[in-house]
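Source file: structure-v2.pdb; contents: PDB, C-alpha atoms.
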```
ATOM      1  CA  MET A   1       0.000   0.000   0.000  1.00  0.00           C
ATOM      2  CA  LYS A   2       2.848   2.387   0.744  1.00  0.00           C
ATOM      3  CA  ASN A   3       4.212   1.900  -2.728  1.00  0.00           C
ATOM      4  CA  ASP A   4       0.765   2.712  -4.202  1.00  0.00           C
ATOM      5  CA  TYR A   5       0.490   5.987  -2.227  1.00  0.00           C
ATOM      6  CA  SER A   6       4.030   7.036  -3.197  1.00  0.00           C
ATOM      7  CA  ALA A   7       3.283   6.463  -6.884  1.00  0.00           C
ATOM      8  CA  GLN A   8       0.251   8.793  -6.935  1.00  0.00           C
ATOM      9  CA  PRO A   9       2.216  12.120  -6.672  1.00  0.00           C
ATOM     10  CA  ALA A  10       4.520  11.026  -9.483  1.00  0.00           C
ATOM     11  CA  GLN A  11       1.546   9.999 -11.627  1.00  0.00           C
ATOM     12  CA  ALA A  12      -0.214  13.338 -10.946  1.00  0.00           C
ATOM     13  CA  LEU A  13       2.970  15.235 -11.804  1.00  0.00           C
ATOM     14  CA  SER A  14       3.284  13.353 -15.078  1.00  0.00           C
ATOM     15  CA  THR A  15      -0.359  14.055 -15.961  1.00  0.00           C
ATOM     16  CA  ARG A  16       0.003  17.747 -15.114  1.00  0.00           C
ATOM     17  CA  ARG A  17       3.147  17.957 -17.236  1.00  0.00           C
ATOM     18  CA  SER A  18       1.344  16.371 -20.208  1.00  0.00           C
ATOM     19  CA  VAL A  19      -1.539  18.827 -19.890  1.00  0.00           C
ATOM     20  CA  LEU A  20       0.842  21.786 -19.751  1.00  0.00           C
ATOM     21  CA  LEU A  21       2.775  20.549 -22.768  1.00  0.00           C
ATOM     22  CA  GLY A  22      -0.476  20.029 -24.656  1.00  0.00           C
ATOM     23  CA  CYS A  23      -1.664  23.536 -23.854  1.00  0.00           C
ATOM     24  CA  ALA A  24       1.675  24.947 -24.927  1.00  0.00           C
ATOM     25  CA  GLY A  25       1.418  23.037 -28.197  1.00  0.00           C
ATOM     26  CA  LEU A  26      -2.066  24.417 -28.812  1.00  0.00           C
ATOM     27  CA  GLY A  27      -0.808  27.897 -28.054  1.00  0.00           C
ATOM     28  CA  VAL A  28       2.011  27.544 -30.585  1.00  0.00           C
ATOM     29  CA  MET A  29      -0.464  26.198 -33.172  1.00  0.00           C
ATOM     30  CA  ALA A  30      -2.869  29.083 -32.566  1.00  0.00           C
ATOM     31  CA  THR A  31      -0.043  31.591 -32.870  1.00  0.00           C
ATOM     32  CA  THR A  32       1.123  29.952 -36.098  1.00  0.00           C
ATOM     33  CA  LEU A  33      -2.381  29.977 -37.591  1.00  0.00           C
ATOM     34  CA  THR A  34      -2.853  33.597 -36.610  1.00  0.00           C
ATOM     35  CA  ALA A  35       0.462  34.541 -38.198  1.00  0.00           C
ATOM     36  CA  CYS A  36      -0.405  32.660 -41.396  1.00  0.00           C
ATOM     37  CA  SER A  37      -3.871  34.190 -41.646  1.00  0.00           C
ATOM     38  CA  GLY A  38      -2.438  37.685 -41.361  1.00  0.00           C
ATOM     39  CA  ALA A  39       0.530  37.105 -43.677  1.00  0.00           C
ATOM     40  CA  GLY A  40      -1.121  37.822 -47.017  1.00  0.00           C
ATOM     41  CA  PRO A  41      -2.544  41.165 -48.220  1.00  0.00           C
ATOM     42  CA  THR A  42      -6.191  41.792 -49.085  1.00  0.00           C
ATOM     43  CA  LEU A  43      -6.562  41.582 -52.869  1.00  0.00           C
ATOM     44  CA  TYR A  44      -8.693  43.904 -55.011  1.00  0.00           C
ATOM     45  CA  THR A  45      -9.794  43.867 -58.633  1.00  0.00           C
ATOM     46  CA  LEU A  46     -11.333  46.378 -61.022  1.00  0.00           C
ATOM     47  CA  SER A  47     -14.821  45.707 -62.363  1.00  0.00           C
ATOM     48  CA  VAL A  48     -16.592  46.303 -65.667  1.00  0.00           C
ATOM     49  CA  VAL A  49     -19.158  49.120 -65.513  1.00  0.00           C
ATOM     50  CA  PRO A  50     -22.118  48.801 -67.935  1.00  0.00           C
ATOM     51  CA  GLY A  51     -22.636  51.664 -70.345  1.00  0.00           C
ATOM     52  CA  GLN A  52     -25.103  52.802 -72.986  1.00  0.00           C
ATOM     53  CA  PRO A  53     -24.936  50.411 -75.977  1.00  0.00           C
ATOM     54  CA  VAL A  54     -24.912  52.289 -79.300  1.00  0.00           C
ATOM     55  CA  PRO A  55     -24.566  50.523 -82.698  1.00  0.00           C
ATOM     56  CA  GLY A  56     -21.580  51.216 -84.896  1.00  0.00           C
ATOM     57  CA  GLY A  57     -17.874  50.710 -84.555  1.00  0.00           C
ATOM     58  CA  PRO A  58     -15.199  48.404 -85.986  1.00  0.00           C
ATOM     59  CA  ARG A  59     -15.663  44.683 -86.279  1.00  0.00           C
ATOM     60  CA  TYR A  60     -12.697  43.857 -84.035  1.00  0.00           C
ATOM     61  CA  VAL A  61     -11.018  46.111 -81.473  1.00  0.00           C
ATOM     62  CA  GLU A  62      -7.898  45.379 -79.476  1.00  0.00           C
ATOM     63  CA  VAL A  63      -7.216  47.160 -76.190  1.00  0.00           C
ATOM     64  CA  ARG A  64      -3.455  47.311 -75.957  1.00  0.00           C
ATOM     65  CA  GLN A  65      -1.525  46.812 -72.740  1.00  0.00           C
ATOM     66  CA  PRO A  66      -1.442  50.270 -71.153  1.00  0.00           C
ATOM     67  CA  THR A  67       1.687  52.129 -70.195  1.00  0.00           C
ATOM     68  CA  ILE A  68       1.736  52.684 -66.424  1.00  0.00           C
ATOM     69  CA  ALA A  69       3.817  55.312 -64.652  1.00  0.00           C
ATOM     70  CA  SER A  70       6.577  53.579 -62.702  1.00  0.00           C
ATOM     71  CA  GLY A  71       5.313  54.913 -59.373  1.00  0.00           C
ATOM     72  CA  LEU A  72       1.968  53.160 -59.926  1.00  0.00           C
ATOM     73  CA  ASP A  73       3.352  49.954 -61.426  1.00  0.00           C
ATOM     74  CA  ARG A  74       3.528  47.867 -58.253  1.00  0.00           C
ATOM     75  CA  ASP A  75       1.610  45.099 -56.490  1.00  0.00           C
ATOM     76  CA  ARG A  76       0.584  47.264 -53.530  1.00  0.00           C
ATOM     77  CA  ILE A  77      -2.178  49.750 -54.204  1.00  0.00           C
ATOM     78  CA  VAL A  78      -1.216  53.406 -54.446  1.00  0.00           C
ATOM     79  CA  THR A  79      -4.061  54.908 -52.429  1.00  0.00           C
ATOM     80  CA  LYS A  80      -3.149  58.600 -52.693  1.00  0.00           C
ATOM     81  CA  ASP A  81      -1.112  60.830 -54.981  1.00  0.00           C
ATOM     82  CA  THR A  82      -0.701  64.427 -53.839  1.00  0.00           C
ATOM     83  CA  GLY A  83       1.654  65.329 -56.652  1.00  0.00           C
ATOM     84  CA  TYR A  84       4.628  65.306 -54.325  1.00  0.00           C
ATOM     85  CA  LYS A  85       4.026  62.135 -52.338  1.00  0.00           C
ATOM     86  CA  LEU A  86       2.646  58.658 -53.093  1.00  0.00           C
ATOM     87  CA  THR A  87       0.890  56.767 -50.299  1.00  0.00           C
ATOM     88  CA  VAL A  88       1.083  52.988 -50.753  1.00  0.00           C
ATOM     89  CA  SER A  89      -1.093  50.552 -48.840  1.00  0.00           C
ATOM     90  CA  SER A  90       0.796  48.175 -46.578  1.00  0.00           C
ATOM     91  CA  GLY A  91      -1.784  45.386 -46.464  1.00  0.00           C
ATOM     92  CA  GLU A  92      -3.807  45.737 -49.683  1.00  0.00           C
ATOM     93  CA  ALA A  93      -2.737  44.799 -53.197  1.00  0.00           C
ATOM     94  CA  TRP A  94      -4.029  44.298 -56.711  1.00  0.00           C
ATOM     95  CA  GLY A  95      -5.110  40.748 -57.504  1.00  0.00           C
ATOM     96  CA  ASP A  96      -3.275  40.975 -60.841  1.00  0.00           C
ATOM     97  CA  SER A  97      -0.900  43.397 -62.542  1.00  0.00           C
ATOM     98  CA  LEU A  98      -2.437  46.853 -62.777  1.00  0.00           C
ATOM     99  CA  ALA A  99      -1.747  47.046 -66.525  1.00  0.00           C
ATOM    100  CA  GLY A 100      -3.470  43.709 -67.113  1.00  0.00           C
ATOM    101  CA  GLN A 101      -6.479  44.699 -65.027  1.00  0.00           C
ATOM    102  CA  ILE A 102      -6.906  48.038 -66.770  1.00  0.00           C
ATOM    103  CA  SER A 103      -6.724  46.525 -70.274  1.00  0.00           C
ATOM    104  CA  ARG A 104      -9.206  43.733 -69.503  1.00  0.00           C
ATOM    105  CA  THR A 105     -11.618  46.038 -67.675  1.00  0.00           C
ATOM    106  CA  LEU A 106     -11.490  48.644 -70.445  1.00  0.00           C
ATOM    107  CA  ALA A 107     -12.117  45.874 -72.993  1.00  0.00           C
ATOM    108  CA  GLY A 108     -15.181  44.795 -71.037  1.00  0.00           C
ATOM    109  CA  ASP A 109     -16.397  48.392 -70.782  1.00  0.00           C
ATOM    110  CA  LEU A 110     -16.050  48.885 -74.542  1.00  0.00           C
ATOM    111  CA  ALA A 111     -17.875  45.657 -75.306  1.00  0.00           C
ATOM    112  CA  GLN A 112     -20.811  46.903 -73.239  1.00  0.00           C
ATOM    113  CA  ARG A 113     -20.922  50.090 -75.299  1.00  0.00           C
ATOM    114  CA  LEU A 114     -20.269  48.622 -78.765  1.00  0.00           C
ATOM    115  CA  PRO A 115     -22.807  45.863 -79.509  1.00  0.00           C
ATOM    116  CA  GLY A 116     -21.740  43.825 -82.514  1.00  0.00           C
ATOM    117  CA  THR A 117     -18.044  44.561 -81.958  1.00  0.00           C
ATOM    118  CA  ALA A 118     -15.642  41.919 -80.683  1.00  0.00           C
ATOM    119  CA  VAL A 119     -13.371  43.591 -78.147  1.00  0.00           C
ATOM    120  CA  PHE A 120     -10.362  41.825 -76.693  1.00  0.00           C
ATOM    121  CA  ALA A 121      -7.291  42.717 -74.661  1.00  0.00           C
ATOM    122  CA  GLU A 122      -3.767  42.418 -75.990  1.00  0.00           C
ATOM    123  CA  ASN A 123      -2.178  38.998 -75.386  1.00  0.00           C
ATOM    124  CA  ASP A 124      -5.571  37.264 -75.212  1.00  0.00           C
ATOM    125  CA  ALA A 125      -5.856  34.095 -77.280  1.00  0.00           C
ATOM    126  CA  VAL A 126      -7.636  35.344 -80.417  1.00  0.00           C
ATOM    127  CA  THR A 127      -7.530  34.199 -84.021  1.00  0.00           C
ATOM    128  CA  THR A 128      -8.251  37.451 -85.840  1.00  0.00           C
ATOM    129  CA  GLN A 129      -6.503  40.724 -86.556  1.00  0.00           C
ATOM    130  CA  PRO A 130      -8.046  43.867 -85.013  1.00  0.00           C
ATOM    131  CA  ASP A 131      -9.489  46.642 -87.151  1.00  0.00           C
ATOM    132  CA  ALA A 132      -8.675  49.277 -84.530  1.00  0.00           C
ATOM    133  CA  TYR A 133      -6.596  49.799 -81.411  1.00  0.00           C
ATOM    134  CA  VAL A 134      -7.291  51.531 -78.108  1.00  0.00           C
ATOM    135  CA  GLU A 135      -4.438  52.387 -75.778  1.00  0.00           C
ATOM    136  CA  LEU A 136      -3.956  54.243 -72.501  1.00  0.00           C
ATOM    137  CA  SER A 137      -0.866  55.800 -70.940  1.00  0.00           C
ATOM    138  CA  VAL A 138      -1.712  56.183 -67.248  1.00  0.00           C
ATOM    139  CA  THR A 139       0.000  58.737 -65.011  1.00  0.00           C
ATOM    140  CA  ARG A 140      -2.471  58.884 -62.087  1.00  0.00           C
ATOM    141  CA  PHE A 141      -4.701  56.105 -60.805  1.00  0.00           C
ATOM    142  CA  SER A 142      -5.517  56.798 -57.165  1.00  0.00           C
ATOM    143  CA  GLU A 143      -7.006  59.341 -54.819  1.00  0.00           C
ATOM    144  CA  GLY A 144      -5.808  62.790 -55.821  1.00  0.00           C
ATOM    145  CA  PRO A 145      -4.976  65.889 -53.764  1.00  0.00           C
ATOM    146  CA  SER A 146      -8.703  66.747 -53.581  1.00  0.00           C
ATOM    147  CA  GLY A 147      -9.519  63.506 -51.770  1.00  0.00           C
ATOM    148  CA  LYS A 148     -11.452  62.194 -54.786  1.00  0.00           C
ATOM    149  CA  ALA A 149     -10.593  59.253 -57.016  1.00  0.00           C
ATOM    150  CA  GLU A 150      -8.761  60.437 -60.129  1.00  0.00           C
ATOM    151  CA  ILE A 151      -7.446  58.977 -63.376  1.00  0.00           C
ATOM    152  CA  GLU A 152      -5.095  60.958 -65.578  1.00  0.00           C
ATOM    153  CA  ALA A 153      -4.025  59.364 -68.841  1.00  0.00           C
ATOM    154  CA  SER A 154      -3.476  59.791 -72.562  1.00  0.00           C
ATOM    155  CA  LEU A 155      -6.085  57.992 -74.676  1.00  0.00           C
ATOM    156  CA  SER A 156      -5.250  56.818 -78.179  1.00  0.00           C
ATOM    157  CA  VAL A 157      -7.769  55.410 -80.697  1.00  0.00           C
ATOM    158  CA  GLN A 158      -6.638  54.518 -84.201  1.00  0.00           C
ATOM    159  CA  PRO A 159      -7.405  52.177 -87.075  1.00  0.00           C
ATOM    160  CA  ALA A 160      -5.177  49.207 -87.803  1.00  0.00           C
ATOM    161  CA  LEU A 161      -3.165  48.551 -90.930  1.00  0.00           C
ATOM    162  CA  ALA A 162      -1.838  45.052 -91.590  1.00  0.00           C
ATOM    163  CA  GLY A 163      -2.268  44.095 -87.943  1.00  0.00           C
ATOM    164  CA  ALA A 164      -0.563  47.179 -86.527  1.00  0.00           C
ATOM    165  CA  PRO A 165      -1.556  50.763 -85.691  1.00  0.00           C
ATOM    166  CA  SER A 166      -1.854  52.693 -88.952  1.00  0.00           C
ATOM    167  CA  GLY A 167       0.026  55.770 -87.763  1.00  0.00           C
ATOM    168  CA  SER A 168      -2.147  57.871 -90.050  1.00  0.00           C
ATOM    169  CA  ALA A 169      -3.719  61.271 -89.491  1.00  0.00           C
ATOM    170  CA  GLN A 170      -6.880  59.494 -88.317  1.00  0.00           C
ATOM    171  CA  VAL A 171      -5.301  58.821 -84.931  1.00  0.00           C
ATOM    172  CA  PHE A 172      -7.297  60.226 -82.023  1.00  0.00           C
ATOM    173  CA  LEU A 173      -5.058  61.269 -79.142  1.00  0.00           C
ATOM    174  CA  GLN A 174      -6.438  63.093 -76.133  1.00  0.00           C
ATOM    175  CA  ARG A 175      -5.286  63.828 -72.613  1.00  0.00           C
ATOM    176  CA  VAL A 176      -8.060  62.702 -70.260  1.00  0.00           C
ATOM    177  CA  SER A 177      -8.483  63.686 -66.620  1.00  0.00           C
ATOM    178  CA  VAL A 178     -11.541  62.323 -64.836  1.00  0.00           C
ATOM    179  CA  GLN A 179     -12.497  62.728 -61.196  1.00  0.00           C
ATOM    180  CA  GLY A 180     -14.930  60.686 -59.142  1.00  0.00           C
ATOM    181  CA  ALA A 181     -16.314  60.545 -55.637  1.00  0.00           C
ATOM    182  CA  ASN A 182     -14.546  60.991 -52.316  1.00  0.00           C
ATOM    183  CA  THR A 183     -13.044  57.750 -51.084  1.00  0.00           C
ATOM    184  CA  ALA A 184     -13.199  56.578 -47.489  1.00  0.00           C
ATOM    185  CA  SER A 185     -11.643  53.141 -47.952  1.00  0.00           C
ATOM    186  CA  THR A 186      -9.689  51.061 -50.438  1.00  0.00           C
ATOM    187  CA  ILE A 187     -12.792  49.264 -51.681  1.00  0.00           C
ATOM    188  CA  SER A 188     -14.542  52.594 -52.334  1.00  0.00           C
ATOM    189  CA  LEU A 189     -11.415  53.781 -54.179  1.00  0.00           C
ATOM    190  CA  VAL A 190     -11.351  50.679 -56.401  1.00  0.00           C
ATOM    191  CA  GLU A 191     -15.070  51.062 -57.105  1.00  0.00           C
ATOM    192  CA  ALA A 192     -14.633  54.741 -58.019  1.00  0.00           C
ATOM    193  CA  LEU A 193     -11.670  53.964 -60.288  1.00  0.00           C
ATOM    194  CA  SER A 194     -13.770  51.333 -62.074  1.00  0.00           C
ATOM    195  CA  GLN A 195     -16.478  53.953 -62.657  1.00  0.00           C
ATOM    196  CA  LEU A 196     -13.905  56.380 -64.055  1.00  0.00           C
ATOM    197  CA  LEU A 197     -12.573  53.742 -66.465  1.00  0.00           C
ATOM    198  CA  GLY A 198     -16.149  53.430 -67.687  1.00  0.00           C
ATOM    199  CA  GLN A 199     -16.173  57.157 -68.448  1.00  0.00           C
ATOM    200  CA  ILE A 200     -12.958  56.799 -70.450  1.00  0.00           C
ATOM    201  CA  ALA A 201     -14.568  53.890 -72.304  1.00  0.00           C
ATOM    202  CA  ASP A 202     -17.456  56.226 -73.253  1.00  0.00           C
ATOM    203  CA  THR A 203     -14.965  58.564 -74.942  1.00  0.00           C
ATOM    204  CA  ALA A 204     -13.114  55.722 -76.672  1.00  0.00           C
ATOM    205  CA  ALA A 205     -16.349  54.133 -77.912  1.00  0.00           C
ATOM    206  CA  ALA A 206     -17.516  57.446 -79.407  1.00  0.00           C
ATOM    207  CA  GLN A 207     -14.230  57.770 -81.296  1.00  0.00           C
ATOM    208  CA  LEU A 208     -14.345  54.180 -82.532  1.00  0.00           C
ATOM    209  CA  ARG A 209     -17.759  54.884 -84.079  1.00  0.00           C
ATOM    210  CA  LEU A 210     -16.194  57.742 -86.059  1.00  0.00           C
ATOM    211  CA  LEU A 211     -13.630  55.537 -87.794  1.00  0.00           C
ATOM    212  CA  PRO A 212     -13.962  55.027 -91.572  1.00  0.00           C
ATOM    213  CA  PRO A 213     -16.927  52.884 -92.682  1.00  0.00           C
ATOM    214  CA  THR A 214     -14.581  50.401 -94.348  1.00  0.00           C
ATOM    215  CA  ILE A 215     -13.812  48.884 -90.956  1.00  0.00           C
ATOM    216  CA  GLN A 216     -17.261  49.264 -89.425  1.00  0.00           C
ATOM    217  CA  ALA A 217     -19.091  46.140 -88.299  1.00  0.00           C
ATOM    218  CA  GLN A 218     -22.014  45.116 -90.468  1.00  0.00           C
ATOM    219  CA  PRO A 219     -25.451  44.697 -88.793  1.00  0.00           C
ATOM    220  CA  ASP A 220     -25.455  40.962 -89.494  1.00  0.00           C
ATOM    221  CA  GLN A 221     -21.812  40.520 -88.574  1.00  0.00           C
ATOM    222  CA  THR A 222     -21.279  37.479 -86.373  1.00  0.00           C
ATOM    223  CA  VAL A 223     -18.292  37.069 -84.125  1.00  0.00           C
ATOM    224  CA  PRO A 224     -16.389  33.767 -84.562  1.00  0.00           C
ATOM    225  CA  GLU A 225     -16.901  31.414 -81.657  1.00  0.00           C
ATOM    226  CA  ASN A 226     -13.149  31.015 -81.206  1.00  0.00           C
ATOM    227  CA  THR A 227     -12.690  34.749 -80.670  1.00  0.00           C
ATOM    228  CA  LYS A 228     -12.365  35.634 -77.000  1.00  0.00           C
ATOM    229  CA  SER A 229     -14.245  38.875 -76.408  1.00  0.00           C
ATOM    230  CA  TYR A 230     -15.680  40.789 -73.489  1.00  0.00           C
ATOM    231  CA  GLY A 231     -19.258  41.066 -74.610  1.00  0.00           C
ATOM    232  CA  LYS A 232     -20.586  39.966 -71.214  1.00  0.00           C
ATOM    233  CA  SER A 233     -19.844  41.102 -67.709  1.00  0.00           C
ATOM    234  CA  ARG A 234     -17.428  38.873 -65.892  1.00  0.00           C
TER     235      ARG A 234
END
```

Output the file's structure in the form of structure tokens.
Amino acid sequence: MKNDYSAQPAQALSTRRSVLLGCAGLGVMATTLTACSGAGPTLYTLSVVPGQPVPGGPRYVEVRQPTIASGLDRDRIVTKDTGYKLTVSSGEAWGDSLAGQISRTLAGDLAQRLPGTAVFAENDAVTTQPDAYVELSVTRFSEGPSGKAEIEASLSVQPALAGAPSGSAQVFLQRVSVQGANTASTISLVEALSQLLGQIADTAAAQLRLLPPTIQAQPDQTVPENTKSYGKSR
């Protein structure tokens, strides 16, 4: 009996030690999971904004990969540009390259506004040559000094010649500066920037309808099934 009583404290000590080690292990696991869950940034993406569909325009339009100012060309979102200082988010980033997002979103915006026209972004898998090109050179894509979302860019619209920009006098080139609503958060900024891209698409669509009739889409024109276009919202 003495041996049984003397064994109980040792057994209790061993049990207590196991419980403590188990709790410590759970604590390490919880800390690890917390660290992992907070390791990655919140990702954002631009969205297509529906516009007023108006007939007319080329049969095929390619939105070229835009030129992005080096200060904006980064994974992290530039939330504010005062002209002298760029504010970059520490925990929020674009879900894809900014240039890729702008070209695909602008292609979707144009498709909404140009029924009967196949619109695609540069580097998409397509099997046809474009009749016209649209291109942006972006210098501001953030909240501006006024506290409102702003896009500043050069917009180019021109017909194609042998699968390349024609370089003719028919080129439309305009400096565009559009301003949206005040932004209180990153999601409201991204939403406002999407709306502003839609406004730029309105201008580009109007210019595409003014291109020579020789490259205009016919009313009964059908788009090949193997042509990837942005005729529907994604």

What's around stretch 90-107 of chain A at 9 Å? Count all atoms listed in the file, leave out sequence neighbours fewer than 4 positions away in its own chain, and write the answer as a PyMOL selection string. chain A and resi 40-49+61-68+72-78+111-112+119-122+135-136+186+194+197-198+200-201+229-231

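Coordinates place atom CA of A:Thr82 at a distance of 11.0 Å from atom CA of A:Lys148.
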
Which residue gives the smallest distance to A:Arg209 among A:Pro159, A:Gly144, A:Pro130, A:Gly83, with only C-alpha atoms counted?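 Smallest separation from A:Arg209 among the options: A:Pro159.
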
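When atom CA of A:Ala184 is paired with atom CA of A:Pro145, their separation reads 13.9 Å.
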
Long-range neighbours of A:Ser156 as a ChimeraX atom specification, 10 Å cut-off, all atoms listed in the file, 4 positions minimum in chain: /A:64,133-137,171-175,204,207

Counting all atoms listed in the file, what is within 7 Å of A:Ala192, bar same-chain residues fewer than 6 positions away, as a VMD selection string? chain A and resid 149 180 to 181

Would you kindly translate the PyMOL selection byres ((chain A and resi 206) around 12) into the concrete residues it picks from this file, as a VMD selection string? chain A and resid 51 to 58 110 113 to 114 134 157 172 199 to 205 207 to 211

For C-alpha atoms, I'd like the residues from the last selection saved as a PDB file, in the coordinates of the input.
```
ATOM      1  CA  GLY A  51     -22.636  51.664 -70.345  1.00  0.00           C
ATOM      2  CA  GLN A  52     -25.103  52.802 -72.986  1.00  0.00           C
ATOM      3  CA  PRO A  53     -24.936  50.411 -75.977  1.00  0.00           C
ATOM      4  CA  VAL A  54     -24.912  52.289 -79.300  1.00  0.00           C
ATOM      5  CA  PRO A  55     -24.566  50.523 -82.698  1.00  0.00           C
ATOM      6  CA  GLY A  56     -21.580  51.216 -84.896  1.00  0.00           C
ATOM      7  CA  GLY A  57     -17.874  50.710 -84.555  1.00  0.00           C
ATOM      8  CA  PRO A  58     -15.199  48.404 -85.986  1.00  0.00           C
ATOM      9  CA  LEU A 110     -16.050  48.885 -74.542  1.00  0.00           C
ATOM     10  CA  ARG A 113     -20.922  50.090 -75.299  1.00  0.00           C
ATOM     11  CA  LEU A 114     -20.269  48.622 -78.765  1.00  0.00           C
ATOM     12  CA  VAL A 134      -7.291  51.531 -78.108  1.00  0.00           C
ATOM     13  CA  VAL A 157      -7.769  55.410 -80.697  1.00  0.00           C
ATOM     14  CA  PHE A 172      -7.297  60.226 -82.023  1.00  0.00           C
ATOM     15  CA  GLN A 199     -16.173  57.157 -68.448  1.00  0.00           C
ATOM     16  CA  ILE A 200     -12.958  56.799 -70.450  1.00  0.00           C
ATOM     17  CA  ALA A 201     -14.568  53.890 -72.304  1.00  0.00           C
ATOM     18  CA  ASP A 202     -17.456  56.226 -73.253  1.00  0.00           C
ATOM     19  CA  THR A 203     -14.965  58.564 -74.942  1.00  0.00           C
ATOM     20  CA  ALA A 204     -13.114  55.722 -76.672  1.00  0.00           C
ATOM     21  CA  ALA A 205     -16.349  54.133 -77.912  1.00  0.00           C
ATOM     22  CA  GLN A 207     -14.230  57.770 -81.296  1.00  0.00           C
ATOM     23  CA  LEU A 208     -14.345  54.180 -82.532  1.00  0.00           C
ATOM     24  CA  ARG A 209     -17.759  54.884 -84.079  1.00  0.00           C
ATOM     25  CA  LEU A 210     -16.194  57.742 -86.059  1.00  0.00           C
ATOM     26  CA  LEU A 211     -13.630  55.537 -87.794  1.00  0.00           C
TER      27      LEU A 211
END
```

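One finds atom CA of A:Thr139 at 13.8 Å from atom CA of A:Thr79.
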
Determine the nearest neighbour of A:Val88 from the options A:Ser188, A:Ser142, A:Gln179, A:Gln158, counting all atoms listed in the file. A:Ser142

Place N, CA and C atoms on stretch 173-187 of chain A and deliver the coordinates as a compact mmCIF listing (two decimals), keeping the file's coordinate frame.
```txt
# COMPACT_ATOMS: atom_id res chain seq x y z
N LEU A 173 -5.90 61.24 -80.34
CA LEU A 173 -5.06 61.27 -79.14
C LEU A 173 -5.53 62.41 -78.26
N GLN A 174 -5.90 62.07 -77.04
CA GLN A 174 -6.44 63.09 -76.13
C GLN A 174 -5.95 62.83 -74.72
N ARG A 175 -5.62 63.91 -74.03
CA ARG A 175 -5.29 63.83 -72.61
C ARG A 175 -6.59 63.84 -71.83
N VAL A 176 -6.82 62.79 -71.03
CA VAL A 176 -8.06 62.70 -70.26
C VAL A 176 -7.75 62.81 -68.78
N SER A 177 -8.60 63.54 -68.07
CA SER A 177 -8.48 63.69 -66.62
C SER A 177 -9.89 63.62 -66.05
N VAL A 178 -10.19 62.52 -65.38
CA VAL A 178 -11.54 62.32 -64.84
C VAL A 178 -11.46 62.19 -63.32
N GLN A 179 -12.47 62.70 -62.66
CA GLN A 179 -12.50 62.73 -61.20
C GLN A 179 -13.82 62.15 -60.71
N GLY A 180 -13.74 61.34 -59.67
CA GLY A 180 -14.93 60.69 -59.14
C GLY A 180 -15.28 61.15 -57.75
N ALA A 181 -15.83 60.23 -56.98
CA ALA A 181 -16.31 60.54 -55.64
C ALA A 181 -15.18 60.54 -54.61
N ASN A 182 -15.47 61.10 -53.45
CA ASN A 182 -14.55 60.99 -52.32
C ASN A 182 -14.44 59.54 -51.90
N THR A 183 -13.27 59.14 -51.47
CA THR A 183 -13.04 57.75 -51.08
C THR A 183 -12.73 57.67 -49.61
N ALA A 184 -13.41 56.75 -48.93
CA ALA A 184 -13.20 56.58 -47.49
C ALA A 184 -12.47 55.28 -47.17
N SER A 185 -12.30 54.43 -48.17
CA SER A 185 -11.64 53.14 -47.95
C SER A 185 -11.07 52.66 -49.28
N THR A 186 -10.28 51.60 -49.21
CA THR A 186 -9.69 51.06 -50.44
C THR A 186 -10.75 50.51 -51.37
N ILE A 187 -11.75 49.83 -50.83
CA ILE A 187 -12.79 49.26 -51.68
C ILE A 187 -13.58 50.37 -52.38
```
